[in-house]
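Peer 1: Next comes run03.tsv, TSV, N, CA and C atoms:
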```tsv
chain	number	residue	atom	x	y	z
J	1	MET	N	-7.72	0.58	-25.69
J	1	MET	CA	-7.68	0.86	-24.27
J	1	MET	C	-6.33	1.47	-23.91
J	2	ALA	N	-6.34	2.68	-23.53
J	2	ALA	CA	-5.11	3.34	-23.11
J	2	ALA	C	-4.77	2.94	-21.68
J	3	ILE	N	-3.50	2.76	-21.46
J	3	ILE	CA	-3.00	2.51	-20.11
J	3	ILE	C	-2.23	3.75	-19.70
J	4	GLN	N	-2.56	4.29	-18.55
J	4	GLN	CA	-1.88	5.47	-18.04
J	4	GLN	C	-0.87	5.04	-16.99
J	5	ARG	N	0.35	5.54	-17.08
J	5	ARG	CA	1.41	5.21	-16.13
J	5	ARG	C	1.95	6.50	-15.54
J	6	LEU	N	2.00	6.56	-14.22
J	6	LEU	CA	2.47	7.77	-13.53
J	6	LEU	C	3.68	7.46	-12.66
J	7	HIS	N	4.56	8.44	-12.56
J	7	HIS	CA	5.79	8.29	-11.77
J	7	HIS	C	6.56	7.05	-12.24
J	8	THR	N	6.89	7.09	-13.53
J	8	THR	CA	7.50	5.95	-14.20
J	8	THR	C	9.00	6.13	-14.34
J	9	ASN	N	9.72	5.05	-14.13
J	9	ASN	CA	11.13	5.01	-14.48
J	9	ASN	C	11.35	3.76	-15.33
J	10	ARG	N	12.57	3.42	-15.56
J	10	ARG	CA	12.87	2.28	-16.45
J	10	ARG	C	12.28	0.96	-15.93
J	11	ARG	N	12.26	0.79	-14.59
J	11	ARG	CA	11.82	-0.49	-14.01
J	11	ARG	C	10.34	-0.57	-13.68
J	12	MET	N	9.76	0.55	-13.31
J	12	MET	CA	8.40	0.47	-12.77
J	12	MET	C	7.67	1.80	-12.82
J	13	SER	N	6.37	1.71	-12.62
J	13	SER	CA	5.51	2.89	-12.44
J	13	SER	C	4.92	2.81	-11.04
J	14	GLN	N	4.83	3.95	-10.37
J	14	GLN	CA	4.20	3.96	-9.05
J	14	GLN	C	2.69	3.75	-9.16
J	15	ILE	N	2.10	4.25	-10.26
J	15	ILE	CA	0.66	4.11	-10.49
J	15	ILE	C	0.46	3.65	-11.93
J	16	VAL	N	-0.40	2.64	-12.11
J	16	VAL	CA	-0.84	2.24	-13.44
J	16	VAL	C	-2.37	2.23	-13.41
J	17	ILE	N	-2.96	2.90	-14.40
J	17	ILE	CA	-4.43	2.98	-14.47
J	17	ILE	C	-4.87	2.37	-15.80
J	18	HIS	N	-5.79	1.41	-15.70
J	18	HIS	CA	-6.40	0.81	-16.87
J	18	HIS	C	-7.91	0.83	-16.67
J	19	ARG	N	-8.59	1.56	-17.52
J	19	ARG	CA	-10.02	1.80	-17.36
J	19	ARG	C	-10.25	2.43	-15.99
J	20	ASP	N	-11.02	1.79	-15.12
J	20	ASP	CA	-11.26	2.36	-13.79
J	20	ASP	C	-10.46	1.66	-12.70
J	21	THR	N	-9.53	0.80	-13.09
J	21	THR	CA	-8.74	0.07	-12.10
J	21	THR	C	-7.37	0.72	-11.93
J	22	ILE	N	-6.97	0.86	-10.68
J	22	ILE	CA	-5.71	1.51	-10.31
J	22	ILE	C	-4.83	0.47	-9.62
J	23	TYR	N	-3.61	0.38	-10.09
J	23	TYR	CA	-2.63	-0.52	-9.49
J	23	TYR	C	-1.49	0.33	-8.94
J	24	LEU	N	-1.17	0.13	-7.68
J	24	LEU	CA	-0.04	0.84	-7.08
J	24	LEU	C	1.12	-0.13	-6.91
J	25	ALA	N	2.31	0.35	-7.20
J	25	ALA	CA	3.51	-0.42	-6.91
J	25	ALA	C	3.62	-0.60	-5.40
J	26	GLY	N	4.42	-1.53	-4.97
J	26	GLY	CA	4.64	-1.72	-3.54
J	26	GLY	C	5.12	-0.44	-2.89
J	27	GLN	N	4.45	-0.06	-1.81
J	27	GLN	CA	4.78	1.19	-1.11
J	27	GLN	C	5.42	0.87	0.24
J	28	THR	N	6.41	1.67	0.58
J	28	THR	CA	7.09	1.56	1.88
J	28	THR	C	7.22	2.95	2.48
J	29	ALA	N	7.60	2.99	3.73
J	29	ALA	CA	7.86	4.27	4.40
J	29	ALA	C	9.16	4.86	3.87
J	30	GLU	N	9.19	6.18	3.73
J	30	GLU	CA	10.44	6.83	3.33
J	30	GLU	C	11.45	6.79	4.46
J	31	ASN	N	10.99	7.02	5.69
J	31	ASN	CA	11.87	6.98	6.86
J	31	ASN	C	11.78	5.59	7.46
J	32	THR	N	12.83	4.82	7.31
J	32	THR	CA	12.82	3.45	7.82
J	32	THR	C	13.62	3.30	9.11
J	33	ASP	N	13.89	4.43	9.76
J	33	ASP	CA	14.58	4.40	11.05
J	33	ASP	C	13.58	4.28	12.20
J	34	THR	N	12.34	3.90	11.90
J	34	THR	CA	11.28	3.83	12.89
J	34	THR	C	10.78	2.39	13.02
J	35	GLY	N	9.86	2.17	13.95
J	35	GLY	CA	9.30	0.84	14.18
J	35	GLY	C	8.14	0.54	13.25
J	36	ILE	N	7.53	-0.60	13.47
J	36	ILE	CA	6.47	-1.08	12.58
J	36	ILE	C	5.27	-0.15	12.55
J	37	GLU	N	4.88	0.41	13.69
J	37	GLU	CA	3.70	1.26	13.71
J	37	GLU	C	3.90	2.51	12.85
J	38	GLN	N	5.04	3.18	13.00
J	38	GLN	CA	5.29	4.39	12.22
J	38	GLN	C	5.51	4.06	10.75
J	39	GLN	N	6.23	2.98	10.46
J	39	GLN	CA	6.42	2.61	9.05
J	39	GLN	C	5.08	2.26	8.40
J	40	THR	N	4.20	1.61	9.14
J	40	THR	CA	2.88	1.29	8.59
J	40	THR	C	2.09	2.57	8.33
J	41	ALA	N	2.09	3.49	9.30
J	41	ALA	CA	1.36	4.76	9.13
J	41	ALA	C	1.91	5.54	7.93
J	42	ASP	N	3.22	5.59	7.78
J	42	ASP	CA	3.83	6.31	6.66
J	42	ASP	C	3.51	5.64	5.33
J	43	THR	N	3.50	4.33	5.31
J	43	THR	CA	3.16	3.59	4.09
J	43	THR	C	1.72	3.85	3.70
J	44	LEU	N	0.82	3.83	4.66
J	44	LEU	CA	-0.60	4.09	4.38
J	44	LEU	C	-0.81	5.51	3.90
J	45	GLN	N	-0.05	6.47	4.43
J	45	GLN	CA	-0.13	7.85	3.97
J	45	GLN	C	0.31	7.96	2.51
J	46	ALA	N	1.38	7.27	2.16
J	46	ALA	CA	1.85	7.27	0.76
J	46	ALA	C	0.78	6.67	-0.15
J	47	ILE	N	0.14	5.61	0.29
J	47	ILE	CA	-0.94	4.98	-0.48
J	47	ILE	C	-2.09	5.95	-0.68
J	48	GLU	N	-2.48	6.64	0.37
J	48	GLU	CA	-3.57	7.62	0.27
J	48	GLU	C	-3.24	8.70	-0.75
J	49	GLU	N	-2.01	9.20	-0.72
J	49	GLU	CA	-1.61	10.26	-1.64
J	49	GLU	C	-1.63	9.78	-3.09
J	50	LEU	N	-1.13	8.59	-3.34
J	50	LEU	CA	-1.14	8.06	-4.71
J	50	LEU	C	-2.56	7.77	-5.19
J	51	LEU	N	-3.39	7.22	-4.31
J	51	LEU	CA	-4.78	6.97	-4.70
J	51	LEU	C	-5.50	8.27	-5.03
J	52	ALA	N	-5.27	9.32	-4.24
J	52	ALA	CA	-5.90	10.61	-4.51
J	52	ALA	C	-5.46	11.14	-5.88
J	53	GLU	N	-4.18	11.02	-6.17
J	53	GLU	CA	-3.67	11.46	-7.47
J	53	GLU	C	-4.33	10.70	-8.62
J	54	ALA	N	-4.65	9.44	-8.40
J	54	ALA	CA	-5.25	8.59	-9.42
J	54	ALA	C	-6.77	8.69	-9.46
J	55	GLY	N	-7.37	9.47	-8.56
J	55	GLY	CA	-8.82	9.63	-8.56
J	55	GLY	C	-9.55	8.63	-7.69
J	56	SER	N	-8.91	8.20	-6.61
J	56	SER	CA	-9.53	7.21	-5.73
J	56	SER	C	-9.22	7.54	-4.28
J	57	ASP	N	-9.56	6.62	-3.40
J	57	ASP	CA	-9.27	6.77	-1.98
J	57	ASP	C	-9.31	5.40	-1.32
J	58	LYS	N	-9.03	5.37	-0.01
J	58	LYS	CA	-8.93	4.09	0.70
J	58	LYS	C	-10.25	3.33	0.75
J	59	GLU	N	-11.36	4.01	0.59
J	59	GLU	CA	-12.65	3.34	0.59
J	59	GLU	C	-12.93	2.59	-0.71
J	60	HIS	N	-12.06	2.77	-1.71
J	60	HIS	CA	-12.22	2.11	-3.00
J	60	HIS	C	-11.13	1.08	-3.28
J	61	ILE	N	-10.43	0.67	-2.24
J	61	ILE	CA	-9.40	-0.36	-2.40
J	61	ILE	C	-10.09	-1.72	-2.57
J	62	LEU	N	-9.69	-2.44	-3.61
J	62	LEU	CA	-10.22	-3.78	-3.87
J	62	LEU	C	-9.42	-4.84	-3.14
J	63	SER	N	-8.09	-4.73	-3.23
J	63	SER	CA	-7.24	-5.72	-2.58
J	63	SER	C	-5.91	-5.09	-2.20
J	64	VAL	N	-5.29	-5.69	-1.20
J	64	VAL	CA	-3.96	-5.26	-0.77
J	64	VAL	C	-3.17	-6.50	-0.36
J	65	THR	N	-1.91	-6.52	-0.75
J	65	THR	CA	-0.99	-7.53	-0.27
J	65	THR	C	0.01	-6.82	0.62
J	66	ILE	N	0.14	-7.32	1.85
J	66	ILE	CA	1.04	-6.72	2.84
J	66	ILE	C	2.20	-7.67	3.05
J	67	TYR	N	3.40	-7.14	2.91
J	67	TYR	CA	4.62	-7.91	3.11
J	67	TYR	C	5.27	-7.41	4.39
J	68	LEU	N	5.50	-8.32	5.34
J	68	LEU	CA	6.16	-7.98	6.59
J	68	LEU	C	7.51	-8.67	6.66
J	69	LYS	N	8.50	-7.95	7.11
J	69	LYS	CA	9.84	-8.53	7.27
J	69	LYS	C	9.82	-9.64	8.32
J	70	ASP	N	9.10	-9.41	9.42
J	70	ASP	CA	8.99	-10.39	10.51
J	70	ASP	C	7.54	-10.46	10.94
J	71	ILE	N	6.80	-11.40	10.38
J	71	ILE	CA	5.35	-11.46	10.62
J	71	ILE	C	5.03	-11.77	12.07
J	72	GLU	N	5.82	-12.59	12.71
J	72	GLU	CA	5.54	-12.93	14.11
J	72	GLU	C	5.69	-11.71	15.01
J	73	ARG	N	6.71	-10.94	14.77
J	73	ARG	CA	6.97	-9.76	15.62
J	73	ARG	C	6.07	-8.58	15.26
J	74	ASP	N	5.75	-8.39	13.98
J	74	ASP	CA	5.15	-7.12	13.54
J	74	ASP	C	3.69	-7.19	13.12
J	75	PHE	N	3.10	-8.37	13.05
J	75	PHE	CA	1.72	-8.49	12.58
J	75	PHE	C	0.74	-7.68	13.44
J	76	ALA	N	0.82	-7.80	14.75
J	76	ALA	CA	-0.10	-7.09	15.65
J	76	ALA	C	0.07	-5.58	15.55
J	77	GLY	N	1.30	-5.10	15.51
J	77	GLY	CA	1.54	-3.66	15.42
J	77	GLY	C	1.05	-3.09	14.11
J	78	MET	N	1.30	-3.79	13.02
J	78	MET	CA	0.80	-3.34	11.72
J	78	MET	C	-0.72	-3.31	11.71
J	79	ASN	N	-1.35	-4.36	12.23
J	79	ASN	CA	-2.81	-4.42	12.25
J	79	ASN	C	-3.42	-3.32	13.11
J	80	ALA	N	-2.78	-2.94	14.20
J	80	ALA	CA	-3.31	-1.88	15.05
J	80	ALA	C	-3.41	-0.57	14.26
J	81	VAL	N	-2.39	-0.26	13.49
J	81	VAL	CA	-2.40	0.96	12.67
J	81	VAL	C	-3.41	0.81	11.53
J	82	TRP	N	-3.40	-0.34	10.86
J	82	TRP	CA	-4.34	-0.61	9.77
J	82	TRP	C	-5.78	-0.43	10.23
J	83	ASP	N	-6.12	-1.00	11.39
J	83	ASP	CA	-7.49	-0.95	11.89
J	83	ASP	C	-7.94	0.48	12.19
J	84	ARG	N	-7.04	1.33	12.65
J	84	ARG	CA	-7.38	2.74	12.89
J	84	ARG	C	-7.54	3.50	11.57
J	85	TRP	N	-6.80	3.10	10.55
J	85	TRP	CA	-6.77	3.81	9.28
J	85	TRP	C	-7.98	3.50	8.40
J	86	LEU	N	-8.41	2.26	8.39
J	86	LEU	CA	-9.44	1.83	7.45
J	86	LEU	C	-10.84	2.00	8.06
J	87	PRO	N	-11.73	2.73	7.38
J	87	PRO	CA	-13.09	2.88	7.90
J	87	PRO	C	-13.80	1.52	7.94
J	88	GLU	N	-14.67	1.37	8.90
J	88	GLU	CA	-15.43	0.13	9.03
J	88	GLU	C	-16.34	-0.05	7.82
J	89	GLY	N	-16.45	-1.29	7.35
J	89	GLY	CA	-17.36	-1.61	6.27
J	89	GLY	C	-16.75	-1.55	4.88
J	90	VAL	N	-15.45	-1.21	4.76
J	90	VAL	CA	-14.84	-1.13	3.43
J	90	VAL	C	-13.57	-1.99	3.34
J	91	ALA	N	-13.50	-3.02	4.16
J	91	ALA	CA	-12.29	-3.86	4.18
J	91	ALA	C	-12.09	-4.53	2.82
J	92	PRO	N	-10.89	-4.38	2.24
J	92	PRO	CA	-10.60	-5.02	0.96
J	92	PRO	C	-10.23	-6.49	1.15
J	93	ALA	N	-10.14	-7.20	0.06
J	93	ALA	CA	-9.52	-8.51	0.10
J	93	ALA	C	-8.07	-8.27	0.49
J	94	ARG	N	-7.50	-9.14	1.34
J	94	ARG	CA	-6.17	-8.86	1.85
J	94	ARG	C	-5.40	-10.14	2.09
J	95	ALA	N	-4.11	-10.08	1.81
J	95	ALA	CA	-3.19	-11.16	2.16
J	95	ALA	C	-2.01	-10.51	2.87
J	96	THR	N	-1.51	-11.19	3.89
J	96	THR	CA	-0.32	-10.72	4.61
J	96	THR	C	0.66	-11.86	4.65
J	97	VAL	N	1.88	-11.59	4.20
J	97	VAL	CA	2.91	-12.61	4.15
J	97	VAL	C	4.22	-12.07	4.69
J	98	GLU	N	5.08	-12.99	5.11
J	98	GLU	CA	6.42	-12.61	5.50
J	98	GLU	C	7.31	-12.66	4.27
J	99	ALA	N	8.17	-11.66	4.12
J	99	ALA	CA	9.00	-11.59	2.92
J	99	ALA	C	10.34	-10.93	3.21
J	100	GLY	N	11.34	-11.34	2.47
J	100	GLY	CA	12.60	-10.63	2.50
J	100	GLY	C	12.41	-9.28	1.81
J	101	MET	N	12.97	-8.24	2.36
J	101	MET	CA	12.81	-6.90	1.80
J	101	MET	C	14.06	-6.51	1.02
J	102	CYS	N	13.89	-5.55	0.11
J	102	CYS	CA	15.02	-5.12	-0.72
J	102	CYS	C	16.05	-4.33	0.08
J	103	GLU	N	15.64	-3.77	1.21
J	103	GLU	CA	16.55	-3.09	2.13
J	103	GLU	C	16.28	-3.61	3.53
J	104	SER	N	17.32	-3.82	4.30
J	104	SER	CA	17.19	-4.49	5.59
J	104	SER	C	16.38	-3.72	6.63
J	105	ASP	N	16.25	-2.41	6.50
J	105	ASP	CA	15.51	-1.63	7.50
J	105	ASP	C	14.04	-1.42	7.14
J	106	ILE	N	13.59	-1.93	6.01
J	106	ILE	CA	12.17	-1.86	5.65
J	106	ILE	C	11.45	-2.98	6.38
J	107	LEU	N	10.41	-2.62	7.13
J	107	LEU	CA	9.65	-3.59	7.91
J	107	LEU	C	8.34	-4.00	7.25
J	108	VAL	N	7.78	-3.11	6.39
J	108	VAL	CA	6.48	-3.37	5.79
J	108	VAL	C	6.44	-2.76	4.39
J	109	GLU	N	5.79	-3.49	3.48
J	109	GLU	CA	5.53	-2.99	2.13
J	109	GLU	C	4.11	-3.41	1.77
J	110	MET	N	3.40	-2.54	1.04
J	110	MET	CA	2.02	-2.84	0.65
J	110	MET	C	1.82	-2.57	-0.83
J	111	SER	N	1.15	-3.49	-1.48
J	111	SER	CA	0.79	-3.37	-2.89
J	111	SER	C	-0.74	-3.34	-2.98
J	112	VAL	N	-1.28	-2.35	-3.71
J	112	VAL	CA	-2.70	-2.06	-3.67
J	112	VAL	C	-3.30	-2.07	-5.07
J	113	THR	N	-4.53	-2.60	-5.17
J	113	THR	CA	-5.38	-2.46	-6.35
J	113	THR	C	-6.67	-1.79	-5.89
J	114	ALA	N	-7.08	-0.76	-6.62
J	114	ALA	CA	-8.28	-0.01	-6.26
J	114	ALA	C	-9.05	0.35	-7.52
J	115	VAL	N	-10.22	0.93	-7.34
J	115	VAL	CA	-11.00	1.48	-8.46
J	115	VAL	C	-11.16	2.97	-8.25
J	116	LYS	N	-11.42	3.65	-9.35
J	116	LYS	CA	-11.66	5.10	-9.26
J	116	LYS	C	-12.99	5.37	-8.55
J	117	ARG	N	-13.03	6.53	-7.90
J	117	ARG	CA	-14.30	6.97	-7.29
J	117	ARG	C	-15.32	7.18	-8.39
J	118	GLU	N	-16.56	6.87	-8.10
J	118	GLU	CA	-17.64	7.03	-9.11
J	118	GLU	C	-18.11	8.46	-9.17
```
Could you rewrite the structure in this file as structure tokens?

Peer 2:
Amino acid sequence: MAIQRLHTNRRMSQIVIHRDTIYLAGQTAENTDTGIEQQTADTLQAIEELLAEAGSDKEHILSVTIYLKDIERDFAGMNAVWDRWLPEGVAPARATVEAGMCESDILVEMSVTAVKRE
């Protein structure tokens, strides 16, 4: 079984593909000078681009873990963007937790597992 790794450096790969399963590294917004809604939208856009490169899309997401810097303050704003982004009927398994971020201006990070389009 070959494992394919894309956008790899010494520490991590942005995409790992094993058989038909796609694993994305935690994704964040590139521009972190914005609020939760824009950071969420930018993060979801990055996820879409990586999934497309791997042969998948948001309708094939199996699970996502969402990390929020401040869950009390940002949960509703993140969910508003998430709900507009995700088509009805394809909701993945999901967990949302509060977490310390590697940089103080990152408000949201998402880690995704998906399958390839059939």

Peer 1: Counting only N, CA and C atoms, which of J:Ala29, J:Met1, J:Val97, J:Val16 gets nearest to J:Leu44?

Peer 2: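 Closest candidate: J:Ala29.
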
Peer 1: Find the nearest atom pair between each residue of stretch 2-48 of chain J and stretch 64-88 of chain J for residues within 6.5 Å, count all atoms listed in the file, give distances in Å to one decimal, sort rows by chain and ascending number, and present the table as JSON lines.

Peer 2:
```
{"residue": "J:Ile36", "atom": "C", "partner": "J:Gly77", "partner_atom": "C", "distance": 5.4}
{"residue": "J:Glu37", "atom": "CA", "partner": "J:Gly77", "partner_atom": "C", "distance": 5.1}
{"residue": "J:Thr40", "atom": "CA", "partner": "J:Met78", "partner_atom": "CA", "distance": 6.0}
{"residue": "J:Ala41", "atom": "N", "partner": "J:Val81", "partner_atom": "CA", "distance": 6.2}
```

Peer 1: Grab all the atoms of stretch 67-71 of chain J that the file lists, wrap them in a box along x, y and z, add 8 Å per side, and give me centre plus edge lengths in Å (one decimal) as AutoDock Vina command-line options.

Peer 2:
```
--center_x 6.6 --center_y -9.5 --center_z 7.5 --size_x 22.4 --size_y 20.6 --size_z 25.2
```

Peer 1: Given the choices J:Gly89, J:Glu98, J:Asp33, J:Asp20, which gets closest to J:Ala114 if the distance is worked out from only C-alpha atoms?

Peer 2: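 The shortest atom-to-atom distance to J:Ala114 comes from J:Asp20.
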
Peer 1: Using DSSP on the backbone coordinates, identify the residues of stretch 16-71 of chain J assigned to alpha helix (DSSP H); present them as an NGL selection string.

Peer 2: :J and (36-54 or 71)

Peer 1: Take the residues just selected and output them with N, CA and C atoms as a JSON list (two decimals), in the coordinates of the input.

Peer 2:
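Generated output (selection-v3.json):
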```
[["chain", "number", "residue", "atom", "x", "y", "z"],
["J", 36, "ILE", "N", 7.53, -0.60, 13.47],
["J", 36, "ILE", "CA", 6.47, -1.08, 12.58],
["J", 36, "ILE", "C", 5.27, -0.15, 12.55],
["J", 37, "GLU", "N", 4.88, 0.41, 13.69],
["J", 37, "GLU", "CA", 3.70, 1.26, 13.71],
["J", 37, "GLU", "C", 3.90, 2.51, 12.85],
["J", 38, "GLN", "N", 5.04, 3.18, 13.00],
["J", 38, "GLN", "CA", 5.29, 4.39, 12.22],
["J", 38, "GLN", "C", 5.51, 4.06, 10.75],
["J", 39, "GLN", "N", 6.23, 2.98, 10.46],
["J", 39, "GLN", "CA", 6.42, 2.61, 9.05],
["J", 39, "GLN", "C", 5.08, 2.26, 8.40],
["J", 40, "THR", "N", 4.20, 1.61, 9.14],
["J", 40, "THR", "CA", 2.88, 1.29, 8.59],
["J", 40, "THR", "C", 2.09, 2.57, 8.33],
["J", 41, "ALA", "N", 2.09, 3.49, 9.30],
["J", 41, "ALA", "CA", 1.36, 4.76, 9.13],
["J", 41, "ALA", "C", 1.91, 5.54, 7.93],
["J", 42, "ASP", "N", 3.22, 5.59, 7.78],
["J", 42, "ASP", "CA", 3.83, 6.31, 6.66],
["J", 42, "ASP", "C", 3.51, 5.64, 5.33],
["J", 43, "THR", "N", 3.50, 4.33, 5.31],
["J", 43, "THR", "CA", 3.16, 3.59, 4.09],
["J", 43, "THR", "C", 1.72, 3.85, 3.70],
["J", 44, "LEU", "N", 0.82, 3.83, 4.66],
["J", 44, "LEU", "CA", -0.60, 4.09, 4.38],
["J", 44, "LEU", "C", -0.81, 5.51, 3.90],
["J", 45, "GLN", "N", -0.05, 6.47, 4.43],
["J", 45, "GLN", "CA", -0.13, 7.85, 3.97],
["J", 45, "GLN", "C", 0.31, 7.96, 2.51],
["J", 46, "ALA", "N", 1.38, 7.27, 2.16],
["J", 46, "ALA", "CA", 1.85, 7.27, 0.76],
["J", 46, "ALA", "C", 0.78, 6.67, -0.15],
["J", 47, "ILE", "N", 0.14, 5.61, 0.29],
["J", 47, "ILE", "CA", -0.94, 4.98, -0.48],
["J", 47, "ILE", "C", -2.09, 5.95, -0.68],
["J", 48, "GLU", "N", -2.48, 6.64, 0.37],
["J", 48, "GLU", "CA", -3.57, 7.62, 0.27],
["J", 48, "GLU", "C", -3.24, 8.70, -0.75],
["J", 49, "GLU", "N", -2.01, 9.20, -0.72],
["J", 49, "GLU", "CA", -1.61, 10.26, -1.64],
["J", 49, "GLU", "C", -1.63, 9.78, -3.09],
["J", 50, "LEU", "N", -1.13, 8.59, -3.34],
["J", 50, "LEU", "CA", -1.14, 8.06, -4.71],
["J", 50, "LEU", "C", -2.56, 7.77, -5.19],
["J", 51, "LEU", "N", -3.39, 7.22, -4.31],
["J", 51, "LEU", "CA", -4.78, 6.97, -4.70],
["J", 51, "LEU", "C", -5.50, 8.27, -5.03],
["J", 52, "ALA", "N", -5.27, 9.32, -4.24],
["J", 52, "ALA", "CA", -5.90, 10.61, -4.51],
["J", 52, "ALA", "C", -5.46, 11.14, -5.88],
["J", 53, "GLU", "N", -4.18, 11.02, -6.17],
["J", 53, "GLU", "CA", -3.67, 11.46, -7.47],
["J", 53, "GLU", "C", -4.33, 10.70, -8.62],
["J", 54, "ALA", "N", -4.65, 9.44, -8.40],
["J", 54, "ALA", "CA", -5.25, 8.59, -9.42],
["J", 54, "ALA", "C", -6.77, 8.69, -9.46],
["J", 71, "ILE", "N", 6.80, -11.40, 10.38],
["J", 71, "ILE", "CA", 5.35, -11.46, 10.62],
["J", 71, "ILE", "C", 5.03, -11.77, 12.07]]
```

Peer 1: Taking the chain letters and numbering used in this document, name the residues of stretch 25-110 of chain J that DSSP puts in strand (DSSP E), as a VMD selection string.

Peer 2: chain J and resid 25 to 27 61 to 68 93 to 98 108 to 110

Peer 1: Please identify all polymer residues within 9 Å of J:Leu62, counting only C-alpha atoms, omitting same-chain residues fewer than 3 positions from it, and present them as a list in words.

Peer 2: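 That gives Glu59, Ala91, Pro92, Ala93, Arg94, Val112, Thr113, Ala114 and Val115 of chain J.
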
Peer 1: Mind listing whatever residues come within 8 Å of the point (4.9, 3.0, -3.0)? Use all atoms listed in the file, file coordinates, and give them as a ChimeraX atom specification.

Peer 2: /J:14-15,24-29,43,46-47,109-111

Peer 1: When you draw a straight line from atom CA of J:Gly55 to atom CA of J:Gln38, how long is it in Å?

Peer 2: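 According to the coordinates, atom CA of J:Gly55 and atom CA of J:Gln38 are separated by 25.7 Å.
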
Peer 1: I'd like the interatomic distance between atom CA of J:Met12 and atom CA of J:Val90, to a tenth of an Å.

Peer 2: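 Spanning atom CA of J:Met12 to atom CA of J:Val90 is a straight-line distance of 28.4 Å.
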
Peer 1: Report as number ranges by chain all protein, DNA and RNA residues lying within 6 Å of J:Ala2, evaluated on all atoms listed in the file, omitting residues in the same chain fewer than 6 positions from it.

Peer 2: J: 17-19

Peer 1: One number please: atom N of J:Arg11 to atom CA of J:Met101, in Å, one decimal.

Peer 2: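 Calculated distance between atom N of J:Arg11 and atom CA of J:Met101 is 18.1 Å.
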
Peer 1: For J:Lys116, which of J:Glu48, J:Gln4, J:Gly35, J:Ser56 is the closest residue, counting all atoms listed in the file?

Peer 2: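 Among the listed residues, J:Ser56 lies closest to J:Lys116.
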
Peer 1: Dump C-alpha atoms of stretch 7-54 of chain J from the given block, as a compact mmCIF listing (two decimals), in the first residue's frame.

Peer 2:
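Produced file part27.txt, reproduced below:
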```
# COMPACT_ATOMS: atom_id res chain seq x y z
CA HIS J 7 3.24 19.55 0.25
CA THR J 8 5.67 17.85 2.60
CA ASN J 9 8.39 19.34 4.74
CA ARG J 10 10.47 17.86 7.53
CA ARG J 11 7.63 18.08 10.10
CA MET J 12 4.46 17.43 8.19
CA SER J 13 2.52 16.94 4.98
CA GLN J 14 -0.45 19.11 4.09
CA ILE J 15 -2.13 16.12 2.42
CA VAL J 16 -1.67 12.39 3.08
CA ILE J 17 -3.54 9.88 0.92
CA HIS J 18 -3.84 6.20 1.78
CA ARG J 19 -6.04 4.17 -0.53
CA ASP J 20 -9.16 6.33 -0.88
CA THR J 21 -8.79 8.18 2.42
CA ILE J 22 -7.44 11.73 2.51
CA TYR J 23 -6.03 13.33 5.63
CA LEU J 24 -5.43 17.07 5.75
CA ALA J 25 -3.11 18.73 8.22
CA GLY J 26 -4.68 21.40 10.40
CA GLN J 27 -5.64 24.35 8.20
CA THR J 28 -5.78 28.00 9.21
CA ALA J 29 -6.36 31.29 7.44
CA GLU J 30 -3.30 32.87 5.85
CA ASN J 31 -4.49 36.35 6.84
CA THR J 32 -5.03 36.32 10.58
CA ASP J 33 -5.64 40.06 10.91
CA THR J 34 -9.38 39.37 10.54
CA GLY J 35 -12.21 38.14 12.77
CA ILE J 36 -13.61 34.67 13.23
CA GLU J 37 -15.99 34.79 10.26
CA GLN J 38 -13.30 35.72 7.73
CA GLN J 39 -10.73 33.35 9.23
CA THR J 40 -13.30 30.54 9.07
CA ALA J 41 -14.16 31.34 5.43
CA ASP J 42 -10.46 31.45 4.49
CA THR J 43 -9.77 28.18 6.29
CA LEU J 44 -12.66 26.47 4.52
CA GLN J 45 -11.39 27.79 1.17
CA ALA J 46 -7.96 26.30 1.88
CA ILE J 47 -9.62 22.98 2.76
CA GLU J 48 -11.60 23.02 -0.49
CA GLU J 49 -8.45 23.65 -2.53
CA LEU J 50 -6.50 20.84 -0.86
CA LEU J 51 -9.41 18.41 -1.19
CA ALA J 52 -9.72 19.24 -4.90
CA GLU J 53 -6.01 18.59 -5.37
CA ALA J 54 -6.42 15.21 -3.65
```
